[in-house]
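> I am sharing final_31.pdb, which consists of PDB, C-alpha atoms:
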MODEL        1
ATOM      1  CA  PHE N   1       0.000   0.000   0.000  1.00  0.00           C
ATOM      2  CA  ALA N   2       2.174   2.828  -1.394  1.00  0.00           C
ATOM      3  CA  GLU N   3       0.405   5.738   0.335  1.00  0.00           C
ATOM      4  CA  PHE N   4       0.913   4.094   3.718  1.00  0.00           C
ATOM      5  CA  ASP N   5       4.474   2.915   2.991  1.00  0.00           C
ATOM      6  CA  ALA N   6       5.461   6.484   2.071  1.00  0.00           C
ATOM      7  CA  LEU N   7       4.635   7.598   5.623  1.00  0.00           C
ATOM      8  CA  LEU N   8       6.770   4.921   7.264  1.00  0.00           C
ATOM      9  CA  PRO N   9      10.475   5.244   7.978  1.00  0.00           C
ATOM     10  CA  GLY N  10      12.339   3.188   5.399  1.00  0.00           C
ATOM     11  CA  GLY N  11       9.253   2.999   3.178  1.00  0.00           C
ATOM     12  CA  GLY N  12       7.600  -0.020   4.825  1.00  0.00           C
ATOM     13  CA  TRP N  13       7.145  -2.137   7.925  1.00  0.00           C
ATOM     14  CA  PRO N  14      10.045  -1.692  10.348  1.00  0.00           C
ATOM     15  CA  VAL N  15      12.384  -4.691  10.409  1.00  0.00           C
ATOM     16  CA  GLY N  16      14.201  -5.524  13.610  1.00  0.00           C
ATOM     17  CA  ALA N  17      11.510  -3.632  15.503  1.00  0.00           C
ATOM     18  CA  ILE N  18       8.126  -3.904  17.169  1.00  0.00           C
ATOM     19  CA  THR N  19       4.939  -2.552  15.620  1.00  0.00           C
ATOM     20  CA  GLU N  20       1.804  -2.263  17.730  1.00  0.00           C
ATOM     21  CA  LEU N  21      -1.542  -2.608  15.967  1.00  0.00           C
ATOM     22  CA  MET N  22      -4.476  -1.308  18.000  1.00  0.00           C
ATOM     23  CA  PRO N  23      -7.738  -2.071  16.147  1.00  0.00           C
ATOM     24  CA  GLU N  24     -10.912  -0.581  17.613  1.00  0.00           C
ATOM     25  CA  THR N  25     -12.403  -4.061  17.389  1.00  0.00           C
ATOM     26  CA  ARG N  26     -11.249  -7.423  16.083  1.00  0.00           C
ATOM     27  CA  GLY N  27     -11.992  -8.460  12.505  1.00  0.00           C
ATOM     28  CA  ILE N  28     -12.040  -5.068  10.782  1.00  0.00           C
ATOM     29  CA  GLY N  29      -9.568  -6.024   8.065  1.00  0.00           C
ATOM     30  CA  GLU N  30      -6.407  -5.476  10.068  1.00  0.00           C
ATOM     31  CA  LEU N  31      -4.782  -8.579   8.598  1.00  0.00           C
ATOM     32  CA  SER N  32      -5.307  -7.244   5.047  1.00  0.00           C
ATOM     33  CA  LEU N  33      -2.838  -4.492   5.910  1.00  0.00           C
ATOM     34  CA  LEU N  34      -0.143  -7.039   6.760  1.00  0.00           C
ATOM     35  CA  LEU N  35      -0.792  -9.722   4.140  1.00  0.00           C
ATOM     36  CA  PRO N  36       1.368  -8.350   1.302  1.00  0.00           C
ATOM     37  CA  ALA N  37       4.434  -8.212   3.570  1.00  0.00           C
ATOM     38  CA  LEU N  38       3.673 -11.611   5.125  1.00  0.00           C
ATOM     39  CA  VAL N  39       3.281 -13.178   1.676  1.00  0.00           C
ATOM     40  CA  ARG N  40       6.628 -11.744   0.535  1.00  0.00           C
ATOM     41  CA  LEU N  41       8.375 -13.031   3.656  1.00  0.00           C
ATOM     42  CA  SER N  42       6.884 -16.523   3.348  1.00  0.00           C
ATOM     43  CA  ARG N  43       7.689 -16.725  -0.376  1.00  0.00           C
ATOM     44  CA  ALA N  44      11.278 -15.715   0.438  1.00  0.00           C
ATOM     45  CA  GLY N  45      11.528 -18.775   2.702  1.00  0.00           C
ATOM     46  CA  ARG N  46      11.111 -16.976   6.031  1.00  0.00           C
ATOM     47  CA  TYR N  47       8.832 -18.395   8.695  1.00  0.00           C
ATOM     48  CA  LEU N  48       5.860 -16.514  10.149  1.00  0.00           C
ATOM     49  CA  ALA N  49       5.091 -17.194  13.809  1.00  0.00           C
ATOM     50  CA  TRP N  50       1.568 -16.495  15.037  1.00  0.00           C
ATOM     51  CA  ILE N  51       1.664 -16.535  18.822  1.00  0.00           C
ATOM     52  CA  ALA N  52      -1.640 -17.025  20.690  1.00  0.00           C
ATOM     53  CA  PRO N  53      -4.021 -15.745  17.991  1.00  0.00           C
ATOM     54  CA  PRO N  54      -7.579 -15.190  19.267  1.00  0.00           C
ATOM     55  CA  CYS N  55      -8.957 -17.445  16.535  1.00  0.00           C
ATOM     56  CA  LEU N  56      -7.452 -19.974  14.163  1.00  0.00           C
ATOM     57  CA  PRO N  57      -6.319 -18.637  10.804  1.00  0.00           C
ATOM     58  CA  TYR N  58      -8.244 -19.891   7.773  1.00  0.00           C
ATOM     59  CA  PRO N  59      -5.626 -21.627   5.600  1.00  0.00           C
ATOM     60  CA  PRO N  60      -7.537 -21.546   2.265  1.00  0.00           C
ATOM     61  CA  ALA N  61      -7.864 -17.746   2.477  1.00  0.00           C
ATOM     62  CA  LEU N  62      -4.208 -17.287   3.398  1.00  0.00           C
ATOM     63  CA  GLU N  63      -3.143 -19.572   0.564  1.00  0.00           C
ATOM     64  CA  TRP N  64      -5.446 -17.728  -1.875  1.00  0.00           C
ATOM     65  CA  HIS N  65      -3.595 -14.515  -1.006  1.00  0.00           C
ATOM     66  CA  GLY N  66      -0.301 -16.262  -1.787  1.00  0.00           C
ATOM     67  CA  LEU N  67       0.990 -17.066   1.696  1.00  0.00           C
ATOM     68  CA  ALA N  68       3.199 -20.163   1.786  1.00  0.00           C
ATOM     69  CA  LEU N  69       1.395 -22.257   4.412  1.00  0.00           C
ATOM     70  CA  ASP N  70       4.449 -24.442   5.036  1.00  0.00           C
ATOM     71  CA  ARG N  71       6.102 -21.309   6.469  1.00  0.00           C
ATOM     72  CA  LEU N  72       3.341 -20.599   8.996  1.00  0.00           C
ATOM     73  CA  LEU N  73       3.992 -21.553  12.618  1.00  0.00           C
ATOM     74  CA  LEU N  74       0.999 -21.471  14.938  1.00  0.00           C
ATOM     75  CA  VAL N  75       1.933 -21.331  18.626  1.00  0.00           C
ATOM     76  CA  ARG N  76      -0.623 -21.768  21.380  1.00  0.00           C
ATOM     77  CA  ALA N  77       0.238 -20.348  24.776  1.00  0.00           C
ATOM     78  CA  PRO N  78      -1.681 -21.267  27.925  1.00  0.00           C
ATOM     79  CA  ASP N  79      -0.843 -18.025  29.738  1.00  0.00           C
ATOM     80  CA  ALA N  80       0.641 -14.536  29.282  1.00  0.00           C
ATOM     81  CA  GLN N  81       4.092 -15.505  30.525  1.00  0.00           C
ATOM     82  CA  THR N  82       4.361 -18.388  28.045  1.00  0.00           C
ATOM     83  CA  MET N  83       3.083 -16.176  25.220  1.00  0.00           C
ATOM     84  CA  LEU N  84       5.739 -13.543  25.928  1.00  0.00           C
ATOM     85  CA  TRP N  85       8.474 -16.176  26.184  1.00  0.00           C
ATOM     86  CA  ALA N  86       7.429 -17.741  22.850  1.00  0.00           C
ATOM     87  CA  ALA N  87       7.259 -14.341  21.136  1.00  0.00           C
ATOM     88  CA  GLU N  88      10.694 -13.366  22.426  1.00  0.00           C
ATOM     89  CA  GLN N  89      12.265 -16.653  21.289  1.00  0.00           C
ATOM     90  CA  ALA N  90      10.636 -16.410  17.858  1.00  0.00           C
ATOM     91  CA  LEU N  91      11.768 -12.792  17.413  1.00  0.00           C
ATOM     92  CA  ARG N  92      15.373 -13.789  18.171  1.00  0.00           C
ATOM     93  CA  CYS N  93      15.357 -16.527  15.508  1.00  0.00           C
ATOM     94  CA  PRO N  94      16.842 -15.299  12.200  1.00  0.00           C
ATOM     95  CA  ALA N  95      14.765 -17.849  10.209  1.00  0.00           C
ATOM     96  CA  ILE N  96      11.566 -16.093  11.273  1.00  0.00           C
ATOM     97  CA  GLY N  97      10.626 -13.052   9.223  1.00  0.00           C
ATOM     98  CA  ALA N  98       7.617 -11.907  11.237  1.00  0.00           C
ATOM     99  CA  VAL N  99       6.066 -12.632  14.603  1.00  0.00           C
ATOM    100  CA  LEU N 100       2.400 -11.794  15.134  1.00  0.00           C
ATOM    101  CA  ALA N 101       1.359 -11.928  18.787  1.00  0.00           C
ATOM    102  CA  TRP N 102      -1.852 -11.241  20.667  1.00  0.00           C
ATOM    103  CA  PRO N 103      -0.801 -10.546  24.269  1.00  0.00           C
ATOM    104  CA  ALA N 104      -3.577 -10.286  26.845  1.00  0.00           C
ATOM    105  CA  THR N 105      -1.559  -7.885  28.987  1.00  0.00           C
ATOM    106  CA  LEU N 106       1.651  -6.071  28.297  1.00  0.00           C
ATOM    107  CA  ASP N 107       3.655  -3.274  29.849  1.00  0.00           C
ATOM    108  CA  ASP N 108       6.475  -1.170  28.422  1.00  0.00           C
ATOM    109  CA  ARG N 109       9.097  -3.423  30.061  1.00  0.00           C
ATOM    110  CA  HIS N 110       7.765  -6.424  28.106  1.00  0.00           C
ATOM    111  CA  VAL N 111       7.580  -4.430  24.876  1.00  0.00           C
ATOM    112  CA  ARG N 112      11.201  -3.351  25.402  1.00  0.00           C
ATOM    113  CA  ARG N 113      12.281  -6.994  25.808  1.00  0.00           C
ATOM    114  CA  LEU N 114      10.452  -7.880  22.599  1.00  0.00           C
ATOM    115  CA  GLN N 115      12.002  -4.870  20.853  1.00  0.00           C
ATOM    116  CA  LEU N 116      15.498  -6.070  21.825  1.00  0.00           C
ATOM    117  CA  ALA N 117      14.658  -9.589  20.620  1.00  0.00           C
ATOM    118  CA  ALA N 118      13.425  -8.233  17.256  1.00  0.00           C
ATOM    119  CA  GLU N 119      16.637  -6.244  16.872  1.00  0.00           C
ATOM    120  CA  ALA N 120      18.709  -9.347  17.643  1.00  0.00           C
ATOM    121  CA  GLY N 121      16.832 -11.565  15.181  1.00  0.00           C
ATOM    122  CA  GLY N 122      16.169  -8.983  12.480  1.00  0.00           C
ATOM    123  CA  SER N 123      12.492  -9.859  12.343  1.00  0.00           C
ATOM    124  CA  CYS N 124       9.315  -7.830  12.207  1.00  0.00           C
ATOM    125  CA  GLY N 125       7.372  -7.970  15.474  1.00  0.00           C
ATOM    126  CA  LEU N 126       3.648  -7.255  15.204  1.00  0.00           C
ATOM    127  CA  LEU N 127       1.724  -6.978  18.451  1.00  0.00           C
ATOM    128  CA  TYR N 128      -2.050  -6.773  18.499  1.00  0.00           C
ATOM    129  CA  ARG N 129      -3.023  -4.554  21.423  1.00  0.00           C
ATOM    130  CA  PRO N 130      -6.401  -3.350  22.719  1.00  0.00           C
ATOM    131  CA  PRO N 131      -7.412   0.200  21.671  1.00  0.00           C
ATOM    132  CA  GLU N 132      -6.920   1.581  25.191  1.00  0.00           C
ATOM    133  CA  ALA N 133      -3.202   0.679  24.967  1.00  0.00           C
ATOM    134  CA  VAL N 134      -2.752   3.911  22.994  1.00  0.00           C
ATOM    135  CA  ARG N 135      -2.812   5.776  26.335  1.00  0.00           C
ATOM    136  CA  GLN N 136       0.201   3.823  27.601  1.00  0.00           C
ATOM    137  CA  HIS N 137       3.826   4.654  26.918  1.00  0.00           C
ATOM    138  CA  SER N 138       5.515   2.141  24.631  1.00  0.00           C
ATOM    139  CA  PRO N 139       9.042   1.673  23.262  1.00  0.00           C
ATOM    140  CA  ALA N 140       7.601   0.171  20.055  1.00  0.00           C
ATOM    141  CA  ALA N 141       9.008   1.687  16.865  1.00  0.00           C
ATOM    142  CA  LEU N 142       5.584   2.001  15.236  1.00  0.00           C
ATOM    143  CA  ARG N 143       2.120   2.287  16.816  1.00  0.00           C
ATOM    144  CA  LEU N 144      -1.020   2.205  14.674  1.00  0.00           C
ATOM    145  CA  ARG N 145      -4.643   2.830  15.644  1.00  0.00           C
ATOM    146  CA  LEU N 146      -7.026   1.078  13.267  1.00  0.00           C
ATOM    147  CA  LYS N 147     -10.695   1.917  12.759  1.00  0.00           C
ATOM    148  CA  ALA N 148     -13.279   0.471  10.402  1.00  0.00           C
ATOM    149  CA  HIS N 149     -14.980   2.909   8.073  1.00  0.00           C
ATOM    150  CA  ASP N 150     -17.173   2.445   5.017  1.00  0.00           C
ATOM    151  CA  THR N 151     -14.311   3.747   2.846  1.00  0.00           C
ATOM    152  CA  GLY N 152     -11.839   1.220   4.240  1.00  0.00           C
ATOM    153  CA  LEU N 153      -9.540   0.732   7.172  1.00  0.00           C
ATOM    154  CA  HIS N 154      -8.535   4.055   8.721  1.00  0.00           C
ATOM    155  CA  ILE N 155      -4.929   3.892   9.873  1.00  0.00           C
ATOM    156  CA  GLU N 156      -3.729   6.524  12.315  1.00  0.00           C
ATOM    157  CA  ILE N 157       0.003   6.540  12.835  1.00  0.00           C
ATOM    158  CA  HIS N 158       0.147   7.245  16.551  1.00  0.00           C
ATOM    159  CA  LYS N 159       3.942   6.864  16.769  1.00  0.00           C
ATOM    160  CA  ALA N 160       6.560   6.289  14.095  1.00  0.00           C
ATOM    161  CA  ARG N 161      10.212   6.371  15.028  1.00  0.00           C
ATOM    162  CA  GLY N 162      11.788   8.388  12.209  1.00  0.00           C
ATOM    163  CA  GLY N 163       8.481   8.739  10.329  1.00  0.00           C
ATOM    164  CA  ARG N 164       5.318  10.815  10.346  1.00  0.00           C
ATOM    165  CA  ALA N 165       3.284  10.394  13.513  1.00  0.00           C
ATOM    166  CA  HIS N 166      -0.378  11.371  13.624  1.00  0.00           C
ATOM    167  CA  ALA N 167      -0.849  10.893   9.892  1.00  0.00           C
ATOM    168  CA  LEU N 168      -4.096   9.279   8.758  1.00  0.00           C
ATOM    169  CA  VAL N 169      -4.475   7.081   5.679  1.00  0.00           C
ATOM    170  CA  VAL N 170      -7.269   4.834   4.429  1.00  0.00           C
ATOM    171  CA  HIS N 171      -6.548   1.306   3.226  1.00  0.00           C
ATOM    172  CA  PRO N 172      -9.301   0.684   0.617  1.00  0.00           C
ATOM    173  CA  ALA N 173      -8.788  -3.092   0.365  1.00  0.00           C
ATOM    174  CA  ALA N 174     -10.386  -3.488   3.786  1.00  0.00           C
ATOM    175  CA  ALA N 175     -13.579  -1.621   2.839  1.00  0.00           C
ATOM    176  CA  ALA N 176     -15.487  -4.859   2.336  1.00  0.00           C
ATOM    177  CA  CYS N 177     -14.592  -5.938   5.880  1.00  0.00           C
ATOM    178  CA  ALA N 178     -16.051  -2.865   7.583  1.00  0.00           C
TER
ENDMDL
END
Can you dump the structure from the file as C-alpha cells?

Amino acid sequence: FAEFDALLPGGGWPVGAITELMPETRGIGELSLLLPALVRLSRAGRYLAWIAPPCLPYPPALEWHGLALDRLLLVRAPDAQTMLWAAEQALRCPAIGAVLAWPATLDDRHVRRLQLAAEAGGSCGLLYRPPEAVRQHSPAALRLRLKAHDTGLHIEIHKARGGRAHALVVHPAAAACA
C-alpha cells in the first residue's frame, strides 16, 4: 500500500523492531494491511510465527492470497508468561521473518524486551493490542490505531520512530470488511 508505505520510515514495515496494531475491534480487516508483507516473507523462505491468535487462521484464504502455508507456525500459549516467552524466542530466531502476537496484557518493560529480541533476530514484530493501549507509553518503533470505516480501514500513525506520527491514511482493500 504505497500511500501508507510512504509515511513509514524506510518505506515499509520496520524490520528488527516492534509494531503495535491497535484495532478498535477485532476483525475489521487489520490482517489485510499485513498480508502483502507476510506473503513476501513466506515466499522468500522466512517463517511466520503467530503466537496465541484469538482465533485460528483460515488456511484456504491465506493460501489464496499467496501465503506459503508451510512457512506458517501457529503457537498456542496457555498463559501470558508463556506467550511472551514464545514471542521473544521467535523474534530472536533469524529464520523467522515476522512474529504476530496477541498478548492479553503487556507493559512497556515487556515491549522493550520484545524490541530487543526483534533487533537481535532482524524480524518484524507485530503486536495486536487493545485500543486503550494507545494511552500507555511504549518503546515500540511504530504504533497504529485502526478503525473500520465504510471507505476502508482508517490507519492513524500514533507513533513512528523516524516517520510521520499522527498521519491518517485509508486502506481501501479493507472496505469490504467494515
> Please expand the PyMOL selection byres ((chain N and resi 92) around 9) into the concrete residues it hits in this file, giving the result as a count of residues only.
18
> Find the residues around Arg76 (chain N) up to 8 Å (only C-alpha atoms counted), leave out those fewer than 3 positions away in its own chain, and share them as an MDAnalysis selection string.
chainID N and resid 51:53 83
> Tyr58 (chain N): which residues within 12 Å, counting only C-alpha atoms, same-chain residues fewer than 3 positions away excluded, as a ChimeraX atom specification?
/N:31,53,55,61-65,67,69,72,74
> Work out how far CA of Ala101 (chain N) is from CA of Ser42 (chain N), in Å to one decimal.
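For CA of Ser42 (chain N) relative to CA of Ala101 (chain N), the distance reads 17.0 Å.
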> Give me the result of the PyMOL selection byres ((chain N and resi 38) around 12) on this file, residue by residue, as a ChimeraX atom specification.
/N:13,31-37,39-50,62-63,65-69,71-72,96-100,123-126
> Show which residues sit within 9 Å of region 129-145 of chain N, as a PyMOL selection string. Count all atoms listed in the file, and ignore same-chain residues fewer than 6 positions away.
chain N and resi 8+13-14+17-25+101-109+111-112+114-115+154-163+165
> Using the atoms already present, construct N, CA, C and O atoms for region 135-147 of chain N and hand them back as a PDB file, keeping the file's coordinate frame.

ATOM      1  N   ARG N 135      -3.065   4.830  25.236  1.00  0.00           N
ATOM      2  CA  ARG N 135      -2.812   5.776  26.335  1.00  0.00           C
ATOM      3  C   ARG N 135      -1.555   5.429  27.129  1.00  0.00           C
ATOM      4  O   ARG N 135      -1.119   6.210  27.961  1.00  0.00           O
ATOM      5  N   GLN N 136      -0.989   4.261  26.886  1.00  0.00           N
ATOM      6  CA  GLN N 136       0.201   3.823  27.601  1.00  0.00           C
ATOM      7  C   GLN N 136       1.458   4.189  26.819  1.00  0.00           C
ATOM      8  O   GLN N 136       1.449   4.209  25.594  1.00  0.00           O
ATOM      9  N   HIS N 137       2.525   4.438  27.548  1.00  0.00           N
ATOM     10  CA  HIS N 137       3.826   4.654  26.918  1.00  0.00           C
ATOM     11  C   HIS N 137       4.296   3.319  26.345  1.00  0.00           C
ATOM     12  O   HIS N 137       4.028   2.266  26.909  1.00  0.00           O
ATOM     13  N   SER N 138       5.002   3.367  25.232  1.00  0.00           N
ATOM     14  CA  SER N 138       5.515   2.141  24.631  1.00  0.00           C
ATOM     15  C   SER N 138       6.820   2.426  23.884  1.00  0.00           C
ATOM     16  O   SER N 138       6.921   3.420  23.165  1.00  0.00           O
ATOM     17  N   PRO N 139       7.799   1.534  24.028  1.00  0.00           N
ATOM     18  CA  PRO N 139       9.042   1.673  23.262  1.00  0.00           C
ATOM     19  C   PRO N 139       8.949   1.121  21.833  1.00  0.00           C
ATOM     20  O   PRO N 139       9.950   1.088  21.121  1.00  0.00           O
ATOM     21  N   ALA N 140       7.767   0.698  21.414  1.00  0.00           N
ATOM     22  CA  ALA N 140       7.601   0.171  20.055  1.00  0.00           C
ATOM     23  C   ALA N 140       8.003   1.230  19.024  1.00  0.00           C
ATOM     24  O   ALA N 140       7.793   2.424  19.235  1.00  0.00           O
ATOM     25  N   ALA N 141       8.564   0.769  17.920  1.00  0.00           N
ATOM     26  CA  ALA N 141       9.008   1.687  16.865  1.00  0.00           C
ATOM     27  C   ALA N 141       7.841   2.296  16.109  1.00  0.00           C
ATOM     28  O   ALA N 141       7.912   3.430  15.630  1.00  0.00           O
ATOM     29  N   LEU N 142       6.739   1.553  15.997  1.00  0.00           N
ATOM     30  CA  LEU N 142       5.584   2.001  15.236  1.00  0.00           C
ATOM     31  C   LEU N 142       4.323   1.596  15.994  1.00  0.00           C
ATOM     32  O   LEU N 142       4.201   0.459  16.435  1.00  0.00           O
ATOM     33  N   ARG N 143       3.399   2.557  16.145  1.00  0.00           N
ATOM     34  CA  ARG N 143       2.120   2.287  16.816  1.00  0.00           C
ATOM     35  C   ARG N 143       0.997   2.783  15.917  1.00  0.00           C
ATOM     36  O   ARG N 143       0.992   3.952  15.519  1.00  0.00           O
ATOM     37  N   LEU N 144       0.067   1.888  15.595  1.00  0.00           N
ATOM     38  CA  LEU N 144      -1.020   2.205  14.674  1.00  0.00           C
ATOM     39  C   LEU N 144      -2.375   1.984  15.334  1.00  0.00           C
ATOM     40  O   LEU N 144      -2.618   0.924  15.908  1.00  0.00           O
ATOM     41  N   ARG N 145      -3.239   2.977  15.228  1.00  0.00           N
ATOM     42  CA  ARG N 145      -4.643   2.830  15.644  1.00  0.00           C
ATOM     43  C   ARG N 145      -5.432   2.530  14.385  1.00  0.00           C
ATOM     44  O   ARG N 145      -5.295   3.226  13.377  1.00  0.00           O
ATOM     45  N   LEU N 146      -6.276   1.522  14.437  1.00  0.00           N
ATOM     46  CA  LEU N 146      -7.026   1.078  13.267  1.00  0.00           C
ATOM     47  C   LEU N 146      -8.520   1.171  13.556  1.00  0.00           C
ATOM     48  O   LEU N 146      -8.988   0.711  14.599  1.00  0.00           O
ATOM     49  N   LYS N 147      -9.248   1.773  12.611  1.00  0.00           N
ATOM     50  CA  LYS N 147     -10.695   1.917  12.759  1.00  0.00           C
ATOM     51  C   LYS N 147     -11.374   1.537  11.456  1.00  0.00           C
ATOM     52  O   LYS N 147     -10.905   1.889  10.372  1.00  0.00           O
TER      53      LYS N 147
END
